[in-house]
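**Student:** Okay, here's the structure, questions in a sec.
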Amino acid sequence: MTSGSGAQCCVEADIASETVAGGLHALHADGDLQTARRCFEIAYARAEAAGDVPGMAEAVLGSAGVWVHEHRVGAGAAVLEQRLSLLLGLVDPEGVLAVRLRARLAAERDYREGRSDAVLAALEDARACGDPVAHAEALSLAHHCLLGPEQAQLRREIAVELLAVSPRTGRRGDLLMGLLWCTADLFLDGDRHAERRLGELRALLDERPHLAVGYVADAIDVMREIRAGRFAEAERAAHACYERGDRAGDADAAGWYGAHLVAIRWYQGRLRELRPMLDRMVHSPTLSAVDNAYYAVHAVAAAEDGDLRTAAHAVARLRGPSLKELPRSGSWLVTMHGIAEAAWLIDDPDLAEEVYELLLPHAELPAMVSLGVACFGSVHHALGIAASVFGRRDLALEHLTRAVAHNRALGHWPAAEESRRALERLGPAQPSRASCVRERQHWRLAWGSRSVLVENSVGLLHLAVLLANAGTEIPAVELAMGVNGLAQAAGARTSPQAVLDQEAMRRYRLRVADLRAEMESTSDARRAEAARRESEALMAELAGSVGIGGRSRRFVDNAERARVAVGKAIRRAIARVEESDAALGRHLRETVHTGRQCSYRPV
């Protein structure tokens with residue numbers, strides 16, 4: 001090498017180093033992915049011309065970006081992977097650059113194949129090497145490969161670890177990424193405190209903007225507008241969000257904008273209007289390699305438009321040999337949600353049952369896309385729709401009832417209304433109302449096809465009265481006095497209000513009369529014995545509430561004591577029911593209301 005060529009190499013290396021520094025600032029300080037990519041491409045060419053292997057490695061790691069799978073088009077992805085592999089063979093295999101290159105290469109391959117084993121192994125190497133930048137990068141890469149619903153616990157741990165490591169890297173972007181991952185995890189889990197963490201992230205972004213992280217925060221805000229039912233505001237915000245994502249150079253900008261529009265039109269009942277867009281998006285190269293949600297939405301839109309042939313084709317193409325083969329990506333729950341809806345529209349019981357079995361372990365989660373940028377409500381809704389298709393009306397009622405409650409807890413009012421309408425489609429049914437009948441020293445609680453025998457207790461007697469008078473508010477003091485006879489307590493001061501008013505005594509006596517009639521008319525010895533025992537129990541309770549001449553006793557003037565005692569007794573009784581049958585116990589928790597007025601209000 002001549003002295004002139006050596007000097008030129010030094011110049012090229014210096015330019016490469018300066019350009020890498022500019023790219024790193026754009027990437028980690030500003031979140032400007034487009035500017036960063038341009039800087040790193042220039043830096044790679046300069047470093048390659050100078051034979052500067054470390055410079056080439058830094059440039060290719062920077063050009064890969066902050067996310068996994070930023071290079072969507074086949075040629076770009078292939079070039080990135082070829083460069084990573086090439087440089088792995090040139091750097092010190094025990095050095096930090098090798099650790100970082102292996103982590104990025106493993107993440108790109110794992111993500112594309114819907115796996116995480118290689119990137120988790122690379123994360124262990126990064127932890128062991130002791131370099132905070134390598135450690136932070138590997139954590140963020142691993143988290144991006146763990147967006148499936150069954151990986152929630154592991155990714156939460158990884159996000160917290162990234163927050164802990166970030167102060168040591170000297171890069172503001174690592175702190176923001178750690179906080180963003182924590183925020184996204186809370187939304188994906190349906191955590192009630194998700195907005196708190198989003199507020200913390202927003203406060204940091206207000207101090208100094210970061211295009212890439214700020215774009216995701218904006219996308220989450222669009223989702224929240226949709227949940228609130230503010231569709232016009234959400235549509236305007238979605239367009240502004242898309243422009244910010246495009247300016248940042250985010251590969252997901254078009255896909256996320258489409259997801260926002262789909263969610264808005266879905267809950268407006270206008271999904272068919274998006275068919276032209278969906279026809280394009282389902283084959284768009286800008287979509288993630290593991291994003292299959294657009295196939296499912298395409299099927300729903302076609303079916304709603306009356307094009308059942310296209311809908312069936314889209315479902316078949318998505319389903320392949322088995323739905324189990326679909327990668328558990330960040331769009332998997334929404335994909336399953338869409339397939340359940342499509343199964344209902346095209347009336348495919350086998351497909352619905354397959355979806356149900358896959359979704360059931362994730363019933364308590366919200367169906368969300370990617371980092372929480374679009375939400376389609378409780379997974380219970382999709383389970384209820386699927387169950388109705390394959391003929392399990394009891395399961396459909398159970399899941400849809402739960403979906404209404406879950407969607408309200410999420411603050412997703414359009415989804416709650418959709419679940420309520422789905423319940424109405426099923427129509428009124430006796431299984432939605434539970435019953436409680438005395439059997440010797442136990443009570444038989446039944447709800448639809450479910451039945452459980454629970455040992456007698458004060459709380460069970462309270463429940464029996466409430467369930468027998470569904471929709472009626474009964475004062476807690478009336479329940480308490482009928483059971484405990486508090487008016488007889490030593491030294492108790494009576495009040496002018498009766499333990500049981502005339503209407504309450506009338507209900508008790510009518511029930512006793514019904515039981516006696518049943519004892520006299522039935523030829524079934526077991527039914528007669530059960531009726532006798534319940535009658536005796538009610539008579540004993542009535543005797544404790546009635547004084548001389550059949551007049552109602554007076555109760556202790558302490559409504560608060562009655563409220564607390566009755567509430568505790570009922571909650572203990574429901575807890576015992578839950579031990580035997582979780583679904584029946586949950587139904588009672590959601591429909592039995594305690595306080596000064598108690599009631600049972602089934603859907």
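Here, A, B, ... name the chains of the structure tokens in the order displayed, residue numbers run from 1 inside each chain, and ligands are numbered from 1 in the same displayed order.
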List every residue of region 175-294 of chain A that has an atom at most 10 Å from any atom of region 376-391 of chain A, and for each one report the closest atom pair and its distance in Å to one decimal, counting only C-alpha atoms, with rows sorted by chain and then by increasing residue number, as a tab-separated table.
**Tutor:**
residue	atom	partner	partner_atom	distance
A:Gly190	CA	A:Ser378	CA	9.1
A:Met223	CA	A:Phe376	CA	9.6
A:Ile226	CA	A:Phe376	CA	9.7
A:Arg227	CA	A:Gly377	CA	8.5
A:Val262	CA	A:Phe376	CA	9.9
A:Ala263	CA	A:Phe376	CA	6.9
A:Ile264	CA	A:Phe376	CA	9.9
A:Trp266	CA	A:Phe376	CA	8.8
A:Tyr267	CA	A:Phe376	CA	8.9
**Student:** Please provide as a PyMOL selection string all residues within 10 Å of Asp189 (chain A), with the sequence filter that same-chain residues fewer than 4 positions apart are discarded (counting only C-alpha atoms).
**Tutor:** chain A and resi 149+152-153+156+184-185+194+364-368+372
**Student:** List the spatial neighbours of Ala107 (chain A) as a PyMOL selection string - criterion: any atom at most 12 Å away, only C-alpha atoms, same-chain residues fewer than 4 positions off excluded.
**Tutor:** chain A and resi 64+66-70+81+84+100-103+111-123+137-146
**Student:** Would you return as a VMD selection string the members of region 126-257 of chain A that DSSP assigns to alpha helix (DSSP H) on this structure's backbone?
**Tutor:** chain A and resid 126 to 129 132 to 144 152 to 165 172 to 188 194 to 207 211 to 227 231 to 248 253 to 257
**Student:** What's the 9 Å shell around region 162-175 of chain A, counting only C-alpha atoms, without same-chain residues fewer than 3 positions away, as a PyMOL selection string?
**Tutor:** chain A and resi 25+27-31+66+131-137+139-140+157-159+178-182+210+213
**Student:** Kindly export the residues of the current selection with N, CA and C atoms, as a PDB file, in the first residue's frame.
**Tutor:**
ATOM      1  N   HIS A  25     -26.490   9.684  16.782  1.00  0.00           N
ATOM      2  CA  HIS A  25     -27.239  10.789  17.378  1.00  0.00           C
ATOM      3  C   HIS A  25     -28.660  10.835  16.809  1.00  0.00           C
ATOM      4  N   LEU A  27     -30.325   8.383  15.569  1.00  0.00           N
ATOM      5  CA  LEU A  27     -31.068   7.184  15.959  1.00  0.00           C
ATOM      6  C   LEU A  27     -31.499   7.226  17.419  1.00  0.00           C
ATOM      7  N   HIS A  28     -30.556   7.476  18.318  1.00  0.00           N
ATOM      8  CA  HIS A  28     -30.839   7.328  19.743  1.00  0.00           C
ATOM      9  C   HIS A  28     -31.281   8.613  20.434  1.00  0.00           C
ATOM     10  N   ALA A  29     -30.837   9.762  19.942  1.00  0.00           N
ATOM     11  CA  ALA A  29     -31.233  11.024  20.567  1.00  0.00           C
ATOM     12  C   ALA A  29     -32.502  11.597  19.945  1.00  0.00           C
ATOM     13  N   ASP A  30     -32.584  11.519  18.593  1.00  0.00           N
ATOM     14  CA  ASP A  30     -33.715  12.133  17.901  1.00  0.00           C
ATOM     15  C   ASP A  30     -34.786  11.134  17.464  1.00  0.00           C
ATOM     16  N   GLY A  31     -34.431   9.853  17.357  1.00  0.00           N
ATOM     17  CA  GLY A  31     -35.388   8.866  16.866  1.00  0.00           C
ATOM     18  C   GLY A  31     -35.718   9.059  15.406  1.00  0.00           C
ATOM     19  N   VAL A  66     -33.673   0.657  15.468  1.00  0.00           N
ATOM     20  CA  VAL A  66     -34.010   0.363  16.854  1.00  0.00           C
ATOM     21  C   VAL A  66     -34.985  -0.805  16.971  1.00  0.00           C
ATOM     22  N   ASP A 131     -20.802  -5.571  28.678  1.00  0.00           N
ATOM     23  CA  ASP A 131     -20.890  -4.288  27.987  1.00  0.00           C
ATOM     24  C   ASP A 131     -22.337  -3.791  28.038  1.00  0.00           C
ATOM     25  N   PRO A 132     -22.593  -2.593  28.601  1.00  0.00           N
ATOM     26  CA  PRO A 132     -23.980  -2.141  28.766  1.00  0.00           C
ATOM     27  C   PRO A 132     -24.712  -1.905  27.448  1.00  0.00           C
ATOM     28  N   VAL A 133     -24.001  -1.421  26.409  1.00  0.00           N
ATOM     29  CA  VAL A 133     -24.659  -1.197  25.116  1.00  0.00           C
ATOM     30  C   VAL A 133     -25.095  -2.525  24.503  1.00  0.00           C
ATOM     31  N   ALA A 134     -24.213  -3.520  24.516  1.00  0.00           N
ATOM     32  CA  ALA A 134     -24.570  -4.838  23.992  1.00  0.00           C
ATOM     33  C   ALA A 134     -25.732  -5.433  24.779  1.00  0.00           C
ATOM     34  N   HIS A 135     -25.692  -5.247  26.098  1.00  0.00           N
ATOM     35  CA  HIS A 135     -26.740  -5.764  26.972  1.00  0.00           C
ATOM     36  C   HIS A 135     -28.087  -5.114  26.639  1.00  0.00           C
ATOM     37  N   ALA A 136     -28.103  -3.765  26.543  1.00  0.00           N
ATOM     38  CA  ALA A 136     -29.341  -3.034  26.279  1.00  0.00           C
ATOM     39  C   ALA A 136     -29.904  -3.386  24.911  1.00  0.00           C
ATOM     40  N   GLU A 137     -29.038  -3.454  23.907  1.00  0.00           N
ATOM     41  CA  GLU A 137     -29.508  -3.795  22.551  1.00  0.00           C
ATOM     42  C   GLU A 137     -30.137  -5.181  22.516  1.00  0.00           C
ATOM     43  N   LEU A 139     -31.488  -6.850  24.955  1.00  0.00           N
ATOM     44  CA  LEU A 139     -32.750  -6.845  25.683  1.00  0.00           C
ATOM     45  C   LEU A 139     -33.887  -6.322  24.810  1.00  0.00           C
ATOM     46  N   SER A 140     -33.642  -5.207  24.142  1.00  0.00           N
ATOM     47  CA  SER A 140     -34.690  -4.617  23.308  1.00  0.00           C
ATOM     48  C   SER A 140     -35.035  -5.519  22.128  1.00  0.00           C
ATOM     49  N   GLU A 157     -40.363  -8.844  32.337  1.00  0.00           N
ATOM     50  CA  GLU A 157     -39.086  -8.900  33.046  1.00  0.00           C
ATOM     51  C   GLU A 157     -37.968  -8.270  32.222  1.00  0.00           C
ATOM     52  N   ILE A 158     -37.988  -8.530  30.925  1.00  0.00           N
ATOM     53  CA  ILE A 158     -36.951  -7.988  30.042  1.00  0.00           C
ATOM     54  C   ILE A 158     -37.062  -6.463  29.954  1.00  0.00           C
ATOM     55  N   ALA A 159     -38.284  -5.936  29.874  1.00  0.00           N
ATOM     56  CA  ALA A 159     -38.476  -4.482  29.800  1.00  0.00           C
ATOM     57  C   ALA A 159     -37.958  -3.798  31.057  1.00  0.00           C
ATOM     58  N   GLY A 178     -36.872   1.361  26.891  1.00  0.00           N
ATOM     59  CA  GLY A 178     -37.268   0.569  28.051  1.00  0.00           C
ATOM     60  C   GLY A 178     -38.623   1.005  28.583  1.00  0.00           C
ATOM     61  N   LEU A 179     -38.829   2.320  28.658  1.00  0.00           N
ATOM     62  CA  LEU A 179     -40.101   2.833  29.155  1.00  0.00           C
ATOM     63  C   LEU A 179     -41.230   2.531  28.167  1.00  0.00           C
ATOM     64  N   LEU A 180     -40.938   2.607  26.870  1.00  0.00           N
ATOM     65  CA  LEU A 180     -41.949   2.285  25.862  1.00  0.00           C
ATOM     66  C   LEU A 180     -42.349   0.821  25.942  1.00  0.00           C
ATOM     67  N   TRP A 181     -41.375  -0.076  26.076  1.00  0.00           N
ATOM     68  CA  TRP A 181     -41.705  -1.504  26.181  1.00  0.00           C
ATOM     69  C   TRP A 181     -42.554  -1.768  27.423  1.00  0.00           C
ATOM     70  N   CYS A 182     -42.202  -1.128  28.546  1.00  0.00           N
ATOM     71  CA  CYS A 182     -43.002  -1.307  29.770  1.00  0.00           C
ATOM     72  C   CYS A 182     -44.436  -0.818  29.558  1.00  0.00           C
ATOM     73  N   HIS A 210     -38.623  12.553  20.551  1.00  0.00           N
ATOM     74  CA  HIS A 210     -37.926  11.410  19.952  1.00  0.00           C
ATOM     75  C   HIS A 210     -38.914  10.846  18.933  1.00  0.00           C
ATOM     76  N   VAL A 213     -40.057   6.862  19.130  1.00  0.00           N
ATOM     77  CA  VAL A 213     -40.827   6.516  20.325  1.00  0.00           C
ATOM     78  C   VAL A 213     -42.097   7.356  20.411  1.00  0.00           C
TER      79      VAL A 213
END
**Student:** Would you please work out which residue, of A:Ala311, A:Leu33, A:Ala569, A:Ala293, is nearest to Arg244 (chain A) when using only C-alpha atoms?
**Tutor:**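 Looking only at the distances to Arg244 (chain A), the closest residue turns out to be A:Leu33.
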**Student:** Determine the nearest neighbour of Arg576 (chain A) from the options A:Thr522, A:Ser535, A:Thr472, A:Ser457, counting only C-alpha atoms.
**Tutor:**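 With only C-alpha atoms as the atom set, the closest residue is A:Ser457.
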**Student:** Quick one: pull the distance between CA of Thr35 (chain A) and CA of Ala259 (chain A), Å, one decimal.
**Tutor:**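 If I compute the distance from CA of Thr35 (chain A) to CA of Ala259 (chain A), I get 26.1 Å.
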**Student:** What lies within 12 Å of Arg586 (chain A) using only C-alpha atoms, ignoring chain neighbours under 2 positions off, as number ranges by chain?
**Tutor:** A: 398-399, 401-402, 405, 434, 447, 571, 574-584, 588-592, 602
**Student:** Please determine, counting only C-alpha atoms, which residue among A:Ile339, A:Leu188, A:Met177, A:Ala559 has the shortest atom-to-atom distance to Pro475 (chain A).
**Tutor:** A:Ala559
**Student:** Mind giving me the straight-line distance from CA of Ala342 (chain A) to CA of Val222 (chain A) in Å, one decimal?
**Tutor:**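 Pair CA of Ala342 (chain A) / CA of Val222 (chain A) returns 25.4 Å.
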**Student:** Using only C-alpha atoms, determine which residues lie at most 9 Å from Asp221 (chain A), disregarding the query and same-chain residues fewer than 6 positions distant; provide the list as a PDB file with N, CA and C atoms, in the first residue's frame.
**Tutor:**
ATOM      1  N   ALA A 234     -60.539  10.314  16.520  1.00  0.00           N
ATOM      2  CA  ALA A 234     -59.579   9.232  16.298  1.00  0.00           C
ATOM      3  C   ALA A 234     -59.100   9.208  14.854  1.00  0.00           C
ATOM      4  N   ALA A 237     -56.661  12.013  14.342  1.00  0.00           N
ATOM      5  CA  ALA A 237     -55.406  11.694  15.034  1.00  0.00           C
ATOM      6  C   ALA A 237     -54.646  10.594  14.313  1.00  0.00           C
ATOM      7  N   VAL A 373     -51.390  -0.555  19.475  1.00  0.00           N
ATOM      8  CA  VAL A 373     -51.817   0.540  18.606  1.00  0.00           C
ATOM      9  C   VAL A 373     -53.271   0.410  18.160  1.00  0.00           C
TER      10      VAL A 373
END
